[in-house]
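So this block is model-v7.cif, mmCIF, C-alpha atoms:
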```
data_input
loop_
_atom_site.label_atom_id
_atom_site.label_comp_id
_atom_site.auth_asym_id
_atom_site.auth_seq_id
_atom_site.Cartn_x
_atom_site.Cartn_y
_atom_site.Cartn_z
CA ALA A 1 0.00 0.00 0.00
CA ALA A 2 2.87 2.36 0.82
CA LEU A 3 4.43 1.74 -2.61
CA VAL A 4 1.15 2.59 -4.31
CA PHE A 5 0.87 5.78 -2.30
CA VAL A 6 4.47 6.82 -3.06
CA GLY A 7 3.99 6.00 -6.77
CA VAL A 8 0.86 8.14 -6.95
CA GLY A 9 2.82 11.04 -5.51
CA TYR A 10 5.07 11.07 -8.59
CA MET A 11 2.22 11.04 -11.12
CA THR A 12 1.41 14.26 -12.93
CA ALA A 13 -1.83 15.28 -14.55
CA GLN A 14 -1.99 14.51 -18.26
CA PRO A 15 -3.76 16.46 -20.98
CA LYS A 16 -7.31 15.33 -21.70
CA THR A 17 -6.49 14.40 -25.29
CA THR A 18 -3.97 11.98 -26.70
CA LYS A 19 -0.83 13.90 -27.70
CA GLY A 20 -0.01 14.01 -31.37
CA ALA A 21 -2.98 11.93 -32.42
CA ASP A 22 -5.47 13.27 -34.91
CA ARG A 23 -8.72 12.05 -33.43
CA ASP A 24 -11.11 14.11 -35.58
CA ALA A 25 -12.48 11.05 -37.44
CA ASP A 26 -13.00 9.25 -34.12
CA LYS A 27 -14.74 12.29 -32.64
CA VAL A 28 -17.08 12.44 -35.64
CA ALA A 29 -17.83 8.70 -35.33
CA ILE A 30 -18.55 9.01 -31.60
CA ASP A 31 -20.77 12.04 -32.25
CA LYS A 32 -22.65 9.95 -34.81
CA LEU A 33 -23.08 7.22 -32.16
CA VAL A 34 -24.45 9.78 -29.68
CA LYS A 35 -26.90 11.18 -32.25
CA ALA A 36 -28.07 7.67 -33.24
CA SER A 37 -28.66 6.88 -29.57
CA ILE A 38 -30.64 10.10 -29.05
CA GLN A 39 -32.76 9.33 -32.12
CA ALA A 40 -33.40 5.74 -30.98
CA PHE A 41 -34.35 6.98 -27.50
CA ASN A 42 -36.70 9.65 -28.85
CA ASP A 43 -38.25 7.05 -31.22
CA ARG A 44 -38.65 4.67 -28.23
CA ASP A 45 -36.71 2.03 -30.21
CA ALA A 46 -35.07 -0.16 -27.57
CA ALA A 47 -33.56 -2.51 -30.19
CA ALA A 48 -31.87 0.33 -32.08
CA LEU A 49 -30.63 1.82 -28.83
CA ALA A 50 -29.21 -1.50 -27.63
CA ALA A 51 -27.55 -2.06 -31.03
CA ASN A 52 -25.20 0.82 -30.13
CA TRP A 53 -23.79 -1.27 -27.26
CA THR A 54 -21.19 -4.02 -27.20
CA GLU A 55 -22.56 -7.53 -26.68
CA GLU A 56 -21.22 -7.58 -23.10
CA GLY A 57 -22.03 -3.93 -22.37
CA GLU A 58 -22.81 -2.87 -18.83
CA TYR A 59 -25.11 -0.13 -17.59
CA VAL A 60 -24.68 0.83 -13.94
CA ARG A 61 -27.78 2.67 -12.77
CA ASN A 62 -27.69 5.53 -10.31
CA ASP A 63 -28.83 3.15 -7.56
CA GLY A 64 -25.68 1.05 -8.14
CA GLU A 65 -27.49 -1.88 -9.77
CA ALA A 66 -25.83 -3.13 -12.96
CA VAL A 67 -27.61 -4.29 -16.10
CA ARG A 68 -25.29 -6.58 -18.09
CA GLY A 69 -25.40 -7.61 -21.70
CA ARG A 70 -27.00 -6.07 -24.78
CA ALA A 71 -30.16 -8.20 -24.50
CA GLU A 72 -30.76 -7.10 -20.89
CA ILE A 73 -30.02 -3.48 -21.78
CA GLN A 74 -32.58 -3.67 -24.58
CA LYS A 75 -35.12 -5.21 -22.20
CA GLY A 76 -34.43 -2.47 -19.64
CA TYR A 77 -34.94 0.30 -22.19
CA ALA A 78 -38.16 -1.31 -23.44
CA GLU A 79 -39.52 -1.42 -19.88
CA PHE A 80 -38.42 2.17 -19.26
CA PHE A 81 -40.13 3.37 -22.44
CA LYS A 82 -43.41 1.76 -21.28
CA SER A 83 -43.20 3.74 -18.03
CA LEU A 84 -42.81 7.13 -19.72
CA LYS A 85 -45.77 9.47 -19.66
CA GLY A 86 -46.29 11.79 -22.61
CA LYS A 87 -43.57 12.22 -25.22
CA PRO A 88 -40.46 13.35 -23.37
CA SER A 89 -37.24 13.64 -25.33
CA VAL A 90 -33.65 13.24 -24.30
CA GLU A 91 -30.90 15.83 -24.66
CA VAL A 92 -27.25 14.80 -24.32
CA GLN A 93 -24.55 17.34 -23.56
CA VAL A 94 -21.01 15.97 -23.94
CA ASP A 95 -19.04 17.67 -21.20
CA ASN A 96 -15.73 15.95 -21.90
CA LEU A 97 -14.36 13.39 -24.33
CA ARG A 98 -10.90 11.93 -23.95
CA PHE A 99 -9.16 9.03 -25.63
CA THR A 100 -7.47 6.62 -23.26
CA SER A 101 -6.06 4.40 -26.02
CA THR A 102 -6.33 3.86 -29.76
CA ASP A 103 -9.65 2.04 -29.41
CA THR A 104 -11.14 3.45 -26.21
CA ALA A 105 -12.59 6.78 -25.14
CA VAL A 106 -14.23 8.10 -22.01
CA SER A 107 -17.14 10.48 -22.43
CA GLU A 108 -18.59 12.48 -19.57
CA VAL A 109 -22.11 13.64 -20.36
CA THR A 110 -25.06 15.40 -18.84
CA LEU A 111 -28.34 13.79 -19.82
CA ARG A 112 -31.61 15.71 -19.58
CA LEU A 113 -35.09 14.31 -20.07
CA LYS A 114 -37.44 17.07 -21.21
CA ASN A 115 -41.21 17.13 -21.45
CA GLU A 116 -43.14 18.32 -24.51
CA GLN A 117 -42.85 21.94 -23.33
CA GLY A 118 -39.05 21.66 -23.13
CA ASN A 119 -38.87 21.67 -19.34
CA VAL A 120 -36.31 19.40 -17.68
CA ILE A 121 -38.11 16.63 -15.79
CA ALA A 122 -35.04 14.55 -14.92
CA SER A 123 -31.31 14.80 -15.34
CA SER A 124 -28.29 12.68 -14.60
CA TRP A 125 -24.59 12.58 -15.17
CA ARG A 126 -22.86 9.70 -16.90
CA ASN A 127 -19.39 8.41 -17.48
CA THR A 128 -19.35 6.33 -20.64
CA LEU A 129 -16.63 4.02 -21.86
CA VAL A 130 -16.78 3.82 -25.65
CA VAL A 131 -14.75 1.22 -27.53
CA ARG A 132 -13.97 0.55 -31.17
CA GLU A 133 -15.20 -2.95 -31.94
CA GLY A 134 -15.13 -4.35 -35.45
CA GLY A 135 -14.27 -0.91 -36.79
CA GLN A 136 -17.30 0.77 -35.14
CA TRP A 137 -17.54 2.74 -31.93
CA LYS A 138 -19.86 1.11 -29.40
CA VAL A 139 -20.90 1.82 -25.83
CA ALA A 140 -19.20 -0.65 -23.48
CA LEU A 141 -19.97 0.80 -20.05
CA VAL A 142 -22.19 3.54 -18.66
CA GLN A 143 -22.17 4.61 -15.05
CA GLU A 144 -25.01 6.96 -14.17
CA TRP A 145 -25.62 9.06 -11.10
CA ASP A 146 -27.99 11.79 -10.01
CA ARG A 147 -26.39 14.79 -8.42
CA ASP A 148 -27.84 15.83 -5.09
CA PRO A 149 -26.99 19.53 -4.81
CA ALA A 150 -27.45 19.35 -1.03
CA LEU A 151 -24.48 16.98 -0.86
CA ASP A 152 -22.28 19.03 -3.16
CA ASP A 153 -20.22 21.01 -0.69
CA SER A 154 -18.04 22.58 -3.37
CA LEU A 155 -20.98 24.39 -4.93
CA LYS A 156 -22.78 25.00 -1.66
CA ASP A 157 -19.82 27.14 -0.56
CA LEU A 158 -20.49 29.45 -3.52
CA GLU A 159 -24.17 29.97 -2.76
CA TRP A 160 -23.45 33.41 -1.31
CA LEU A 161 -22.63 34.59 -4.86
CA ILE A 162 -26.21 34.13 -6.10
CA GLY A 163 -27.58 37.52 -7.10
CA THR A 164 -26.50 40.59 -9.02
CA TRP A 165 -23.25 42.29 -8.13
CA ARG A 166 -22.22 45.74 -9.26
CA MET A 167 -18.88 47.51 -9.17
CA ASP A 168 -18.50 51.15 -10.09
CA SER A 169 -15.15 52.71 -10.74
CA LYS A 170 -13.85 55.88 -12.31
CA ASP A 171 -13.33 54.22 -15.72
CA ARG A 172 -16.15 51.68 -15.94
CA ASP A 173 -19.13 49.99 -14.36
CA VAL A 174 -19.29 46.20 -14.12
CA THR A 175 -22.45 44.21 -13.36
CA THR A 176 -22.30 40.45 -12.83
CA THR A 177 -25.23 38.12 -12.17
CA TYR A 178 -24.93 34.62 -10.75
CA GLU A 179 -27.83 32.17 -10.73
CA TRP A 180 -28.36 28.43 -10.43
CA ASP A 181 -29.00 26.36 -13.54
CA GLU A 182 -31.98 23.98 -13.56
CA ASN A 183 -29.95 21.37 -11.64
CA LYS A 184 -28.52 23.84 -9.09
#
```
Output the file's structure as structure tokens, nothing else.
Amino acid sequence: AALVFVGVGYMTAQPKTTKGADRDADKVAIDKLVKASIQAFNDRDAAALAANWTEEGEYVRNDGEAVRGRAEIQKGYAEFFKSLKGKPSVEVQVDNLRFTSTDTAVSEVTLRLKNEQGNVIASSWRNTLVVREGGQWKVALVQEWDRDPALDDSLKDLEWLIGTWRMDSKDRDVTTTYEWDENK
């Protein structure tokens, strides 16, 4: 354990992209995968959605329970689609994409489920491991969690900033407004 601790002390942060590698084609392919998944979700097509996963893919829900295998993932989406009321749509915001090897990437996303009026009715954060399999990018692992703002001490410490702040000086006036987004 001591060796691991000492070794970690010598590690330095690495850039979020692979040095020297032109990953534009991979980024386009992964973006295409994301858009196909959004379309399949909005069409309530569990089979098309599951087809974007590896055969042994794993989905770890925000309660910690894992769904393993493409067939089970498809079944889970089909059940979820039956439970939806109205015609909500999904919006995916890719917050970060980094390549950890030639054939793997990690994508951090914010997922928002919106009702017909465009209001957010649910949101979650996901880490997604995407792999190149048979020349195509597929989802291999998704870990989802809901953020509880009450438990987020780092943002809670900034709550005092909420509001409009104004600074007047001889040369200029500056007004800044801080507000919470829909997820606080």
For the structure provided, state which residues fall under the PyMOL selection byres ((chain A and resi 28-45) around 8), and present them as a list in words.
Asp24, Ala25, Asp26, Lys27, Ala46, Ala47, Ala48, Leu49, Asn52, Ala78, Phe81, Pro88, Ser89, Val90, Glu91, Val92, Gln136, Trp137 and Lys138 of chain A
Name the residues, using the chain letters and numbers of the file, that sit within 12 Å of (-18.3, 16.6, -21.7) when counting only C-alpha atoms, and give them as a ChimeraX atom specification.
/A:16,31,92-98,105-111,125-128
Extract, using all atoms listed in the file, all DNA, RNA and protein residues at most 10 Å from Gly69 of chain A, discarding same-chain residues fewer than 6 positions from it, and format them as JSON, numbers by chain.
{"A": [50, 53, 54, 55, 56, 57, 58, 59, 140]}
Counting all atoms listed in the file, which of A:Asn119, A:Thr104, A:Ser169, A:Thr164 gets nearest to Arg132 of chain A?
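So, comparing all the options, the nearest one is A:Thr104.
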Rounded to one decimal place, report the atom CA of Tyr178 of chain A-atom CA of Leu161 of chain A distance in Å.
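For atom CA of Tyr178 of chain A relative to atom CA of Leu161 of chain A, the distance reads 6.3 Å.
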Please evaluate the PyMOL selection byres ((chain A and resi 177) around 7) against the displayed coordinates and give the resulting residues as number ranges by chain.
A: 163-165, 175-176, 178-179
With C-alpha atoms kept, could you save the residues just selected as a PDB file, in the frame of the given file?
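Final file, result19.pdb:
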```
ATOM      1  CA  GLY A 163     -27.580  37.520  -7.100  1.00  0.00           C
ATOM      2  CA  THR A 164     -26.500  40.590  -9.020  1.00  0.00           C
ATOM      3  CA  TRP A 165     -23.250  42.290  -8.130  1.00  0.00           C
ATOM      4  CA  THR A 175     -22.450  44.210 -13.360  1.00  0.00           C
ATOM      5  CA  THR A 176     -22.300  40.450 -12.830  1.00  0.00           C
ATOM      6  CA  TYR A 178     -24.930  34.620 -10.750  1.00  0.00           C
ATOM      7  CA  GLU A 179     -27.830  32.170 -10.730  1.00  0.00           C
TER       8      GLU A 179
END
```
From the list A:Arg23, A:Leu113, A:Asp181, A:Val142, the nearest residue to Phe99 of chain A using all atoms listed in the file is A:Arg23
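For the atom pair formed by atom CA of Val67 of chain A and atom CA of Ser83 of chain A, the distance is 17.6 Å, given to one decimal.
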Separation of atom CA of Glu133 of chain A from atom CA of Thr102 of chain A, in Å and rounded to one decimal:
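Straight-line distance from atom CA of Glu133 of chain A to atom CA of Thr102 of chain A works out to 11.4 Å.
Closest approach to Leu84 of chain A among A:Leu158, A:Glu65, A:Arg70, A:Ala122 is made by A:Ala122 (distances from all atoms listed in the file).
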Distance criterion (all atoms listed in the file): nearest to Val131 of chain A out of A:Met167, A:Lys87, A:Ser101, A:Ile162
A:Ser101
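In this comparison, which uses all atoms listed in the file, the residue of A:Arg61, A:Glu79, A:Ala71, A:Asp168 approaching Leu141 of chain A most closely is A:Arg61.
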